[in-house]
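S.K.: Contents of work-v9.pdb (PDB, C-alpha atoms):
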ATOM      1  CA  MET A  13     -83.054  31.497  31.209  1.00  0.00           C
ATOM      2  CA  ILE A  14     -80.177  29.117  30.535  1.00  0.00           C
ATOM      3  CA  GLU A  15     -76.893  29.906  32.312  1.00  0.00           C
ATOM      4  CA  LEU A  16     -73.597  28.953  30.672  1.00  0.00           C
ATOM      5  CA  ARG A  17     -70.377  29.429  32.641  1.00  0.00           C
ATOM      6  CA  THR A  18     -67.152  29.022  30.698  1.00  0.00           C
ATOM      7  CA  LEU A  19     -64.657  30.878  32.923  1.00  0.00           C
ATOM      8  CA  GLY A  20     -63.149  28.337  35.287  1.00  0.00           C
ATOM      9  CA  GLU A  21     -65.361  25.343  35.987  1.00  0.00           C
ATOM     10  CA  LEU A  22     -67.632  24.644  33.016  1.00  0.00           C
ATOM     11  CA  GLN A  23     -71.305  24.767  34.012  1.00  0.00           C
ATOM     12  CA  LEU A  24     -74.605  24.693  32.155  1.00  0.00           C
ATOM     13  CA  GLN A  25     -77.844  24.989  34.067  1.00  0.00           C
ATOM     14  CA  ARG A  26     -81.350  26.357  34.083  1.00  0.00           C
ATOM     15  CA  SER A  27     -82.488  29.266  36.233  1.00  0.00           C
ATOM     16  CA  ASN A  28     -83.608  26.753  38.906  1.00  0.00           C
ATOM     17  CA  ARG A  29     -79.953  25.552  39.124  1.00  0.00           C
ATOM     18  CA  ARG A  30     -80.742  22.203  37.522  1.00  0.00           C
ATOM     19  CA  GLU A  31     -77.746  21.126  35.471  1.00  0.00           C
ATOM     20  CA  LEU A  32     -78.201  20.153  31.837  1.00  0.00           C
ATOM     21  CA  CYS A  33     -76.151  17.003  32.286  1.00  0.00           C
ATOM     22  CA  ALA A  34     -76.994  15.471  28.901  1.00  0.00           C
ATOM     23  CA  ILE A  35     -75.356  18.397  27.087  1.00  0.00           C
ATOM     24  CA  LEU A  36     -72.405  18.564  29.478  1.00  0.00           C
ATOM     25  CA  ALA A  37     -71.707  14.899  28.718  1.00  0.00           C
ATOM     26  CA  GLN A  38     -71.287  15.566  24.982  1.00  0.00           C
ATOM     27  CA  PRO A  39     -68.270  17.841  24.370  1.00  0.00           C
ATOM     28  CA  LYS A  40     -68.826  18.534  20.690  1.00  0.00           C
ATOM     29  CA  ARG A  41     -72.455  19.557  21.133  1.00  0.00           C
ATOM     30  CA  LEU A  42     -71.512  21.629  24.161  1.00  0.00           C
ATOM     31  CA  ALA A  43     -68.765  23.245  22.100  1.00  0.00           C
ATOM     32  CA  LEU A  44     -71.292  24.043  19.368  1.00  0.00           C
ATOM     33  CA  LEU A  45     -73.615  25.682  21.884  1.00  0.00           C
ATOM     34  CA  THR A  46     -70.736  27.687  23.375  1.00  0.00           C
ATOM     35  CA  TYR A  47     -69.571  28.820  19.950  1.00  0.00           C
ATOM     36  CA  LEU A  48     -73.043  30.031  19.024  1.00  0.00           C
ATOM     37  CA  ALA A  49     -73.526  31.658  22.444  1.00  0.00           C
ATOM     38  CA  LEU A  50     -70.367  33.747  22.024  1.00  0.00           C
ATOM     39  CA  SER A  51     -70.924  34.592  18.365  1.00  0.00           C
ATOM     40  CA  THR A  52     -71.731  38.208  17.664  1.00  0.00           C
ATOM     41  CA  ARG A  53     -73.536  37.393  14.422  1.00  0.00           C
ATOM     42  CA  TRP A  54     -75.543  34.617  12.830  1.00  0.00           C
ATOM     43  CA  GLN A  55     -73.433  31.655  11.741  1.00  0.00           C
ATOM     44  CA  ARG A  56     -73.764  29.982   8.354  1.00  0.00           C
ATOM     45  CA  ARG A  57     -74.398  26.241   8.465  1.00  0.00           C
ATOM     46  CA  ASP A  58     -71.548  25.609   6.040  1.00  0.00           C
ATOM     47  CA  SER A  59     -69.041  27.364   8.297  1.00  0.00           C
ATOM     48  CA  VAL A  60     -70.298  25.517  11.383  1.00  0.00           C
ATOM     49  CA  VAL A  61     -70.082  22.178   9.583  1.00  0.00           C
ATOM     50  CA  ALA A  62     -66.519  22.916   8.478  1.00  0.00           C
ATOM     51  CA  LEU A  63     -65.558  23.852  12.033  1.00  0.00           C
ATOM     52  CA  PHE A  64     -66.981  20.842  13.859  1.00  0.00           C
ATOM     53  CA  TRP A  65     -67.108  18.024  11.289  1.00  0.00           C
ATOM     54  CA  PRO A  66     -64.188  18.724   8.938  1.00  0.00           C
ATOM     55  CA  ASP A  67     -63.510  15.048   8.165  1.00  0.00           C
ATOM     56  CA  LEU A  68     -67.022  14.219   6.925  1.00  0.00           C
ATOM     57  CA  ASP A  69     -68.351  14.761   3.446  1.00  0.00           C
ATOM     58  CA  THR A  70     -70.953  17.476   3.017  1.00  0.00           C
ATOM     59  CA  ASP A  71     -74.049  15.274   3.331  1.00  0.00           C
ATOM     60  CA  HIS A  72     -72.842  13.414   6.414  1.00  0.00           C
ATOM     61  CA  ALA A  73     -71.534  16.589   8.033  1.00  0.00           C
ATOM     62  CA  ARG A  74     -74.837  18.383   7.524  1.00  0.00           C
ATOM     63  CA  GLY A  75     -76.628  15.338   8.905  1.00  0.00           C
ATOM     64  CA  ALA A  76     -74.425  15.420  12.009  1.00  0.00           C
ATOM     65  CA  LEU A  77     -75.225  19.109  12.455  1.00  0.00           C
ATOM     66  CA  ARG A  78     -78.964  18.443  12.149  1.00  0.00           C
ATOM     67  CA  GLN A  79     -78.739  15.735  14.802  1.00  0.00           C
ATOM     68  CA  ALA A  80     -76.754  18.042  17.105  1.00  0.00           C
ATOM     69  CA  LEU A  81     -79.282  20.847  16.680  1.00  0.00           C
ATOM     70  CA  ARG A  82     -82.245  18.530  17.353  1.00  0.00           C
ATOM     71  CA  PHE A  83     -80.525  17.296  20.491  1.00  0.00           C
ATOM     72  CA  LEU A  84     -79.746  20.804  21.736  1.00  0.00           C
ATOM     73  CA  ARG A  85     -83.253  22.076  21.026  1.00  0.00           C
ATOM     74  CA  ARG A  86     -84.749  19.145  22.911  1.00  0.00           C
ATOM     75  CA  GLU A  87     -82.498  19.637  25.947  1.00  0.00           C
ATOM     76  CA  LEU A  88     -82.603  23.441  26.033  1.00  0.00           C
ATOM     77  CA  GLY A  89     -86.306  23.741  25.396  1.00  0.00           C
ATOM     78  CA  PRO A  90     -88.195  25.760  22.777  1.00  0.00           C
ATOM     79  CA  GLY A  91     -87.169  29.210  21.663  1.00  0.00           C
ATOM     80  CA  VAL A  92     -83.462  29.105  22.585  1.00  0.00           C
ATOM     81  CA  LEU A  93     -81.690  27.828  19.492  1.00  0.00           C
ATOM     82  CA  ASN A  94     -83.063  29.435  16.348  1.00  0.00           C
ATOM     83  CA  GLY A  95     -82.050  30.470  12.883  1.00  0.00           C
ATOM     84  CA  ARG A  96     -82.608  33.645  10.937  1.00  0.00           C
ATOM     85  CA  SER A  97     -83.041  31.453   7.888  1.00  0.00           C
ATOM     86  CA  GLU A  98     -82.571  27.823   6.873  1.00  0.00           C
ATOM     87  CA  GLU A  99     -78.853  28.470   6.459  1.00  0.00           C
ATOM     88  CA  GLU A 100     -78.127  30.689   9.474  1.00  0.00           C
ATOM     89  CA  LEU A 101     -77.884  29.640  13.117  1.00  0.00           C
ATOM     90  CA  GLY A 102     -77.895  31.513  16.412  1.00  0.00           C
ATOM     91  CA  LEU A 103     -79.456  31.864  19.838  1.00  0.00           C
ATOM     92  CA  GLN A 104     -82.598  33.830  20.564  1.00  0.00           C
ATOM     93  CA  ARG A 105     -81.695  37.007  22.431  1.00  0.00           C
ATOM     94  CA  GLY A 106     -82.446  36.864  26.155  1.00  0.00           C
ATOM     95  CA  THR A 107     -82.729  33.074  26.423  1.00  0.00           C
ATOM     96  CA  LEU A 108     -79.150  32.240  27.443  1.00  0.00           C
ATOM     97  CA  TRP A 109     -76.753  34.076  29.749  1.00  0.00           C
ATOM     98  CA  CYS A 110     -73.011  33.443  29.307  1.00  0.00           C
ATOM     99  CA  ASP A 111     -70.394  34.598  31.807  1.00  0.00           C
ATOM    100  CA  ALA A 112     -67.781  35.271  29.103  1.00  0.00           C
ATOM    101  CA  THR A 113     -70.125  37.637  27.285  1.00  0.00           C
ATOM    102  CA  ALA A 114     -71.171  39.306  30.535  1.00  0.00           C
ATOM    103  CA  PHE A 115     -67.506  39.665  31.496  1.00  0.00           C
ATOM    104  CA  GLU A 116     -66.620  41.418  28.231  1.00  0.00           C
ATOM    105  CA  ARG A 117     -69.586  43.768  28.563  1.00  0.00           C
ATOM    106  CA  ALA A 118     -68.636  44.638  32.130  1.00  0.00           C
ATOM    107  CA  CYS A 119     -65.076  45.414  31.013  1.00  0.00           C
ATOM    108  CA  ASP A 120     -66.337  47.570  28.153  1.00  0.00           C
ATOM    109  CA  ALA A 121     -68.542  49.510  30.591  1.00  0.00           C
ATOM    110  CA  SER A 122     -65.653  49.895  33.105  1.00  0.00           C
ATOM    111  CA  ARG A 123     -67.536  47.847  35.710  1.00  0.00           C
ATOM    112  CA  LEU A 124     -64.250  46.245  36.686  1.00  0.00           C
ATOM    113  CA  GLY A 125     -65.252  44.837  40.060  1.00  0.00           C
ATOM    114  CA  GLU A 126     -68.207  43.070  38.484  1.00  0.00           C
ATOM    115  CA  ALA A 127     -65.999  41.803  35.673  1.00  0.00           C
ATOM    116  CA  LEU A 128     -63.440  40.321  38.044  1.00  0.00           C
ATOM    117  CA  GLU A 129     -66.155  38.568  40.044  1.00  0.00           C
ATOM    118  CA  LEU A 130     -67.202  36.856  36.810  1.00  0.00           C
ATOM    119  CA  TYR A 131     -63.651  35.837  35.903  1.00  0.00           C
ATOM    120  CA  ARG A 132     -63.208  32.598  37.880  1.00  0.00           C
ATOM    121  CA  GLY A 133     -60.542  31.074  35.643  1.00  0.00           C
ATOM    122  CA  ASP A 134     -59.407  30.503  32.089  1.00  0.00           C
ATOM    123  CA  PHE A 135     -61.962  30.245  29.302  1.00  0.00           C
ATOM    124  CA  LEU A 136     -62.861  26.578  28.650  1.00  0.00           C
ATOM    125  CA  ASP A 137     -59.923  25.499  30.783  1.00  0.00           C
ATOM    126  CA  GLY A 138     -58.917  21.921  29.944  1.00  0.00           C
ATOM    127  CA  PHE A 139     -61.807  21.516  27.497  1.00  0.00           C
ATOM    128  CA  PHE A 140     -61.099  19.340  24.459  1.00  0.00           C
ATOM    129  CA  VAL A 141     -63.261  18.465  21.460  1.00  0.00           C
ATOM    130  CA  SER A 142     -62.295  15.440  19.424  1.00  0.00           C
ATOM    131  CA  GLY A 143     -62.666  15.683  15.659  1.00  0.00           C
ATOM    132  CA  ALA A 144     -63.059  19.451  15.425  1.00  0.00           C
ATOM    133  CA  ALA A 145     -61.066  21.506  12.932  1.00  0.00           C
ATOM    134  CA  PRO A 146     -57.842  23.224  14.092  1.00  0.00           C
ATOM    135  CA  GLU A 147     -59.650  26.528  13.602  1.00  0.00           C
ATOM    136  CA  PHE A 148     -61.887  25.715  16.573  1.00  0.00           C
ATOM    137  CA  ASP A 149     -58.875  25.212  18.845  1.00  0.00           C
ATOM    138  CA  GLN A 150     -57.440  28.457  17.486  1.00  0.00           C
ATOM    139  CA  TRP A 151     -60.700  30.250  18.292  1.00  0.00           C
ATOM    140  CA  VAL A 152     -60.654  28.883  21.870  1.00  0.00           C
ATOM    141  CA  THR A 153     -56.992  29.824  22.343  1.00  0.00           C
ATOM    142  CA  ALA A 154     -57.521  33.358  21.034  1.00  0.00           C
ATOM    143  CA  LYS A 155     -60.647  33.877  23.137  1.00  0.00           C
ATOM    144  CA  ARG A 156     -58.901  32.511  26.234  1.00  0.00           C
ATOM    145  CA  ALA A 157     -55.949  34.881  25.774  1.00  0.00           C
ATOM    146  CA  ARG A 158     -58.194  37.898  25.145  1.00  0.00           C
ATOM    147  CA  LEU A 159     -60.327  37.289  28.229  1.00  0.00           C
ATOM    148  CA  LYS A 160     -57.283  36.698  30.430  1.00  0.00           C
ATOM    149  CA  ASN A 161     -55.680  39.911  29.205  1.00  0.00           C
ATOM    150  CA  LEU A 162     -58.876  41.814  29.951  1.00  0.00           C
ATOM    151  CA  ALA A 163     -58.967  40.364  33.476  1.00  0.00           C
ATOM    152  CA  VAL A 164     -55.338  41.280  34.164  1.00  0.00           C
ATOM    153  CA  GLU A 165     -55.878  44.807  32.880  1.00  0.00           C
ATOM    154  CA  ALA A 166     -59.058  45.176  34.954  1.00  0.00           C
ATOM    155  CA  ALA A 167     -57.243  44.130  38.131  1.00  0.00           C
ATOM    156  CA  ARG A 168     -54.257  46.355  37.292  1.00  0.00           C
ATOM    157  CA  THR A 169     -56.558  49.341  36.731  1.00  0.00           C
ATOM    158  CA  ARG A 170     -58.351  48.749  40.032  1.00  0.00           C
ATOM    159  CA  ALA A 171     -54.996  48.499  41.828  1.00  0.00           C
ATOM    160  CA  ARG A 172     -53.778  51.778  40.379  1.00  0.00           C
ATOM    161  CA  ARG A 173     -57.029  53.573  41.178  1.00  0.00           C
ATOM    162  CA  CYS A 174     -56.949  52.377  44.785  1.00  0.00           C
ATOM    163  CA  GLU A 175     -53.317  53.359  45.079  1.00  0.00           C
ATOM    164  CA  ALA A 176     -54.098  56.837  43.748  1.00  0.00           C
ATOM    165  CA  GLN A 177     -56.817  57.126  46.414  1.00  0.00           C
ATOM    166  CA  GLY A 178     -54.315  56.210  49.139  1.00  0.00           C
ATOM    167  CA  ASP A 179     -55.846  52.798  49.845  1.00  0.00           C
ATOM    168  CA  GLY A 180     -52.744  50.607  49.834  1.00  0.00           C
ATOM    169  CA  ALA A 181     -54.524  47.537  51.205  1.00  0.00           C
ATOM    170  CA  ALA A 182     -57.137  47.530  48.428  1.00  0.00           C
ATOM    171  CA  ALA A 183     -54.435  48.253  45.868  1.00  0.00           C
ATOM    172  CA  MET A 184     -52.513  45.177  47.019  1.00  0.00           C
ATOM    173  CA  ARG A 185     -55.635  43.001  46.859  1.00  0.00           C
ATOM    174  CA  TRP A 186     -56.184  43.972  43.237  1.00  0.00           C
ATOM    175  CA  ALA A 187     -52.493  43.667  42.387  1.00  0.00           C
ATOM    176  CA  ARG A 188     -52.493  40.180  43.862  1.00  0.00           C
ATOM    177  CA  ARG A 189     -55.620  39.389  41.850  1.00  0.00           C
ATOM    178  CA  ALA A 190     -53.764  40.369  38.666  1.00  0.00           C
ATOM    179  CA  PHE A 191     -50.917  38.065  39.659  1.00  0.00           C
ATOM    180  CA  GLU A 192     -53.353  35.202  40.368  1.00  0.00           C
ATOM    181  CA  VAL A 193     -54.905  35.579  36.921  1.00  0.00           C
ATOM    182  CA  GLU A 194     -51.551  35.723  35.144  1.00  0.00           C
ATOM    183  CA  PRO A 195     -48.365  35.104  37.142  1.00  0.00           C
ATOM    184  CA  SER A 196     -45.794  37.051  35.146  1.00  0.00           C
ATOM    185  CA  PRO A 197     -42.939  39.521  35.594  1.00  0.00           C
ATOM    186  CA  ALA A 198     -45.370  42.358  34.838  1.00  0.00           C
ATOM    187  CA  THR A 199     -47.906  41.417  37.516  1.00  0.00           C
ATOM    188  CA  GLN A 200     -45.113  40.602  39.961  1.00  0.00           C
ATOM    189  CA  ALA A 201     -43.674  44.057  39.349  1.00  0.00           C
ATOM    190  CA  LEU A 202     -47.104  45.570  40.002  1.00  0.00           C
ATOM    191  CA  MET A 203     -47.243  43.887  43.416  1.00  0.00           C
ATOM    192  CA  GLN A 204     -43.724  45.060  44.200  1.00  0.00           C
ATOM    193  CA  THR A 205     -44.579  48.623  43.206  1.00  0.00           C
ATOM    194  CA  VAL A 206     -47.729  48.716  45.332  1.00  0.00           C
ATOM    195  CA  CYS A 207     -45.852  47.214  48.268  1.00  0.00           C
ATOM    196  CA  GLY A 208     -42.954  49.631  47.899  1.00  0.00           C
ATOM    197  CA  ARG A 209     -45.182  52.711  47.844  1.00  0.00           C
ATOM    198  CA  ALA A 210     -47.312  51.745  50.831  1.00  0.00           C
ATOM    199  CA  LYS A 211     -46.759  53.825  53.969  1.00  0.00           C
ATOM    200  CA  PRO A 212     -45.496  51.974  57.076  1.00  0.00           C
ATOM    201  CA  PRO A 213     -48.809  52.146  59.010  1.00  0.00           C
ATOM    202  CA  ALA A 214     -50.522  50.298  56.174  1.00  0.00           C
ATOM    203  CA  TRP A 215     -48.197  47.312  56.625  1.00  0.00           C
ATOM    204  CA  ARG A 216     -49.535  46.803  60.142  1.00  0.00           C
ATOM    205  CA  GLU A 217     -53.167  47.367  59.195  1.00  0.00           C
ATOM    206  CA  SER A 218     -53.322  45.277  56.015  1.00  0.00           C
ATOM    207  CA  PRO A 219     -52.682  41.511  56.030  1.00  0.00           C
ATOM    208  CA  GLU A 220     -52.191  41.654  52.251  1.00  0.00           C
ATOM    209  CA  LEU A 221     -49.463  44.276  52.475  1.00  0.00           C
ATOM    210  CA  ALA A 222     -47.797  42.667  55.466  1.00  0.00           C
ATOM    211  CA  LEU A 223     -47.640  39.291  53.709  1.00  0.00           C
ATOM    212  CA  ALA A 224     -46.388  40.822  50.466  1.00  0.00           C
ATOM    213  CA  ARG A 225     -43.715  42.782  52.297  1.00  0.00           C
ATOM    214  CA  ALA A 226     -42.589  39.606  54.072  1.00  0.00           C
ATOM    215  CA  TRP A 227     -42.385  37.749  50.770  1.00  0.00           C
ATOM    216  CA  PHE A 228     -40.422  40.449  49.039  1.00  0.00           C
ATOM    217  CA  SER A 229     -38.142  41.053  52.010  1.00  0.00           C
ATOM    218  CA  ALA A 230     -37.385  37.335  52.189  1.00  0.00           C
ATOM    219  CA  GLY A 231     -36.274  37.508  48.577  1.00  0.00           C
ATOM    220  CA  TRP A 232     -38.992  35.229  47.196  1.00  0.00           C
ATOM    221  CA  TRP A 233     -39.997  37.836  44.630  1.00  0.00           C
ATOM    222  CA  GLY A 234     -37.147  40.250  45.159  1.00  0.00           C
ATOM    223  CA  SER A 235     -37.195  43.058  47.708  1.00  0.00           C
ATOM    224  CA  CYS A 236     -39.595  45.934  48.012  1.00  0.00           C
ATOM    225  CA  ALA A 237     -37.692  47.639  50.818  1.00  0.00           C
TER     226      ALA A 237
END
Could I get this file's structure written as structure tokens?

M.R.:
Amino acid sequence: MIELRTLGELQLQRSNRRELCAILAQPKRLALLTYLALSTRWQRRDSVVALFWPDLDTDHARGALRQALRFLRRELGPGVLNGRSEEELGLQRGTLWCDATAFERACDASRLGEALELYRGDFLDGFFVSGAAPEFDQWVTAKRARLKNLAVEAARTRARRCEAQGDGAAAMRWARRAFEVEPSPATQALMQTVCGRAKPPAWRESPELALARAWFSAGWWGSCA
């Protein structure tokens, strides 16, 4: 099983933890693998060529794709990168695990704790591919925003559930997690709300609540008193 991590630090390794350094060293081929790994359907060769080699004519672009696919198949091993036909590309089910896909599935199944463990940072943070079409950057930007929004909502939901159960310390941990994912007025307000509703004994028992109360009382993020 190949493991591809795209949330936070970019990693690609086999099940024995050996990194696939040759692929990691080639951004465009890594981008192609990531795109196929996150695709929910088979991708036509023509659309892939237009996405990654927009400045080449058809023959040269298709040749570049063939070279990229040969390289990936050699490095990944047999049975990972396949096609449903000569013109359709994709990954064989069960041969590659991707954290972004696992994160989305965990969110969909309301396994929010598991989802937030998977979310270690922005999708393809700082990753750049030279020579790709603008549509690829747009795809990355849209995917990054969607995954971040899911992470914020997962943390917010956990915070509210813990608060409803009377666990102010856990609620503050999850509220702070939402703020760490996306520092914004909305996540700041969530922390303030959780802090403001906590009962006085919880401030002494919870380092998270005590620190948040100190911050707010000092006026760093407003006051929760």

S.K.: At what distance in Å, to one decimal, does atom CA of A:Val193 lie from atom CA of A:Arg156?

M.R.: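 Going from atom CA of A:Arg156 over to atom CA of A:Val193 covers 11.8 Å.
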
S.K.: Could you please determine the separation between atom CA of A:Arg74 and atom CA of A:Lys155 in Å, to one decimal place?

M.R.: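 According to the coordinates, atom CA of A:Arg74 and atom CA of A:Lys155 are separated by 26.2 Å.
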
S.K.: For A:Leu24, which of A:Ala145, A:Ala43, A:Ala73, A:Met203 is the closest residue, counting only C-alpha atoms?

M.R.: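 Counting only C-alpha atoms, the residue closest to A:Leu24 is A:Ala43.
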
S.K.: Go ahead and compute the interatomic distance for atom CA of A:Leu19 and atom CA of A:Tyr131, in Å to one decimal.

M.R.: 5.9 Å

S.K.: I need the residue nearest A:Gly125 from this list: A:Trp54, A:Arg17, A:Trp186, A:Trp109. Use only C-alpha atoms for the distance.

M.R.: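 Closest to A:Gly125, using only C-alpha atoms: A:Trp186.
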
S.K.: Starting from the PyMOL selection byres ((chain A and resi 113) around 12), expand the selection into actual residues of this file and give them as an NGL selection string.

M.R.: :A and (15-19 or 46-52 or 108-112 or 114-120 or 127 or 130-131 or 135 or 155 or 159)

S.K.: Please report, as JSON, the centre and edge lengths in Å to one decimal of an axis-aligned box covering all listed atoms of stretch 84-96 of chain A with 8 Å per side.

M.R.:
{"center_x": -84.0, "center_y": 26.4, "center_z": 18.5, "size_x": 24.4, "size_y": 30.5, "size_z": 31.1}

S.K.: Taking only C-alpha atoms into account, name the residue in A:Leu128, A:Arg82, A:Asp137, A:Trp65 that is nearest to A:Ile35.

M.R.: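 Checking each candidate against A:Ile35, we get A:Arg82 as the closest.
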
S.K.: Counting all atoms listed in the file, which of A:Pro146, A:Gly208, A:Gly133, A:Pro197 gets nearest to A:Pro66?

M.R.: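 The answer is A:Pro146, which sits nearest to A:Pro66.
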
S.K.: The PyMOL selection byres ((chain A and resi 139) around 12) - which residues does that actually catch in the file I just gave you? List them as a short mmCIF file (atom, residue, chain, number, x, y, z; two decimals) with C-alpha atoms, in the frame of the given file.

M.R.:
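File written: out15.cif
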data_model
loop_
_atom_site.label_atom_id
_atom_site.label_comp_id
_atom_site.auth_asym_id
_atom_site.auth_seq_id
_atom_site.Cartn_x
_atom_site.Cartn_y
_atom_site.Cartn_z
CA THR A 18 -67.15 29.02 30.70
CA LEU A 19 -64.66 30.88 32.92
CA GLY A 20 -63.15 28.34 35.29
CA GLU A 21 -65.36 25.34 35.99
CA LEU A 22 -67.63 24.64 33.02
CA GLN A 23 -71.31 24.77 34.01
CA LEU A 36 -72.40 18.56 29.48
CA ALA A 37 -71.71 14.90 28.72
CA GLN A 38 -71.29 15.57 24.98
CA PRO A 39 -68.27 17.84 24.37
CA LYS A 40 -68.83 18.53 20.69
CA LEU A 42 -71.51 21.63 24.16
CA ALA A 43 -68.76 23.24 22.10
CA THR A 46 -70.74 27.69 23.38
CA ASP A 134 -59.41 30.50 32.09
CA PHE A 135 -61.96 30.24 29.30
CA LEU A 136 -62.86 26.58 28.65
CA ASP A 137 -59.92 25.50 30.78
CA GLY A 138 -58.92 21.92 29.94
CA PHE A 140 -61.10 19.34 24.46
CA VAL A 141 -63.26 18.46 21.46
CA SER A 142 -62.30 15.44 19.42
CA PHE A 148 -61.89 25.72 16.57
CA ASP A 149 -58.88 25.21 18.84
CA VAL A 152 -60.65 28.88 21.87
CA THR A 153 -56.99 29.82 22.34
CA ARG A 156 -58.90 32.51 26.23
#

S.K.: Here's the selection I'm unsure about, the PyMOL selection byres ((chain A and resi 26) around 9); applied to the file above, which residues does it give, as a VMD selection string?

M.R.: chain A and resid 13 to 16 24 to 25 27 to 32 88

S.K.: Write out as a VMD selection string each polymer residue whose atoms come within 10 Å of A:Arg170, counting all atoms listed in the file; drop sequence neighbours fewer than 6 positions from it.

M.R.: chain A and resid 124 to 125 164 176 182 to 187 189 to 190

S.K.: Set the distance at 12 Å and use all atoms listed in the file: which residues neighbour A:Leu81 once local chain neighbours fewer than 3 positions away are removed? I'd like the list as a list in words.

M.R.: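 Final neighbour list, sorted by chain and number: Ile35, Lys40, Arg41, Leu42, Leu44, Leu45, Leu48, Arg57, Val60, Val61, Arg74, Gly75, Ala76, Leu77, Arg78, Leu84, Arg85, Arg86, Glu87, Leu88, Gly89, Pro90, Val92, Leu93, Asn94, Gly95, Leu101, Gly102 and Leu103 of chain A.
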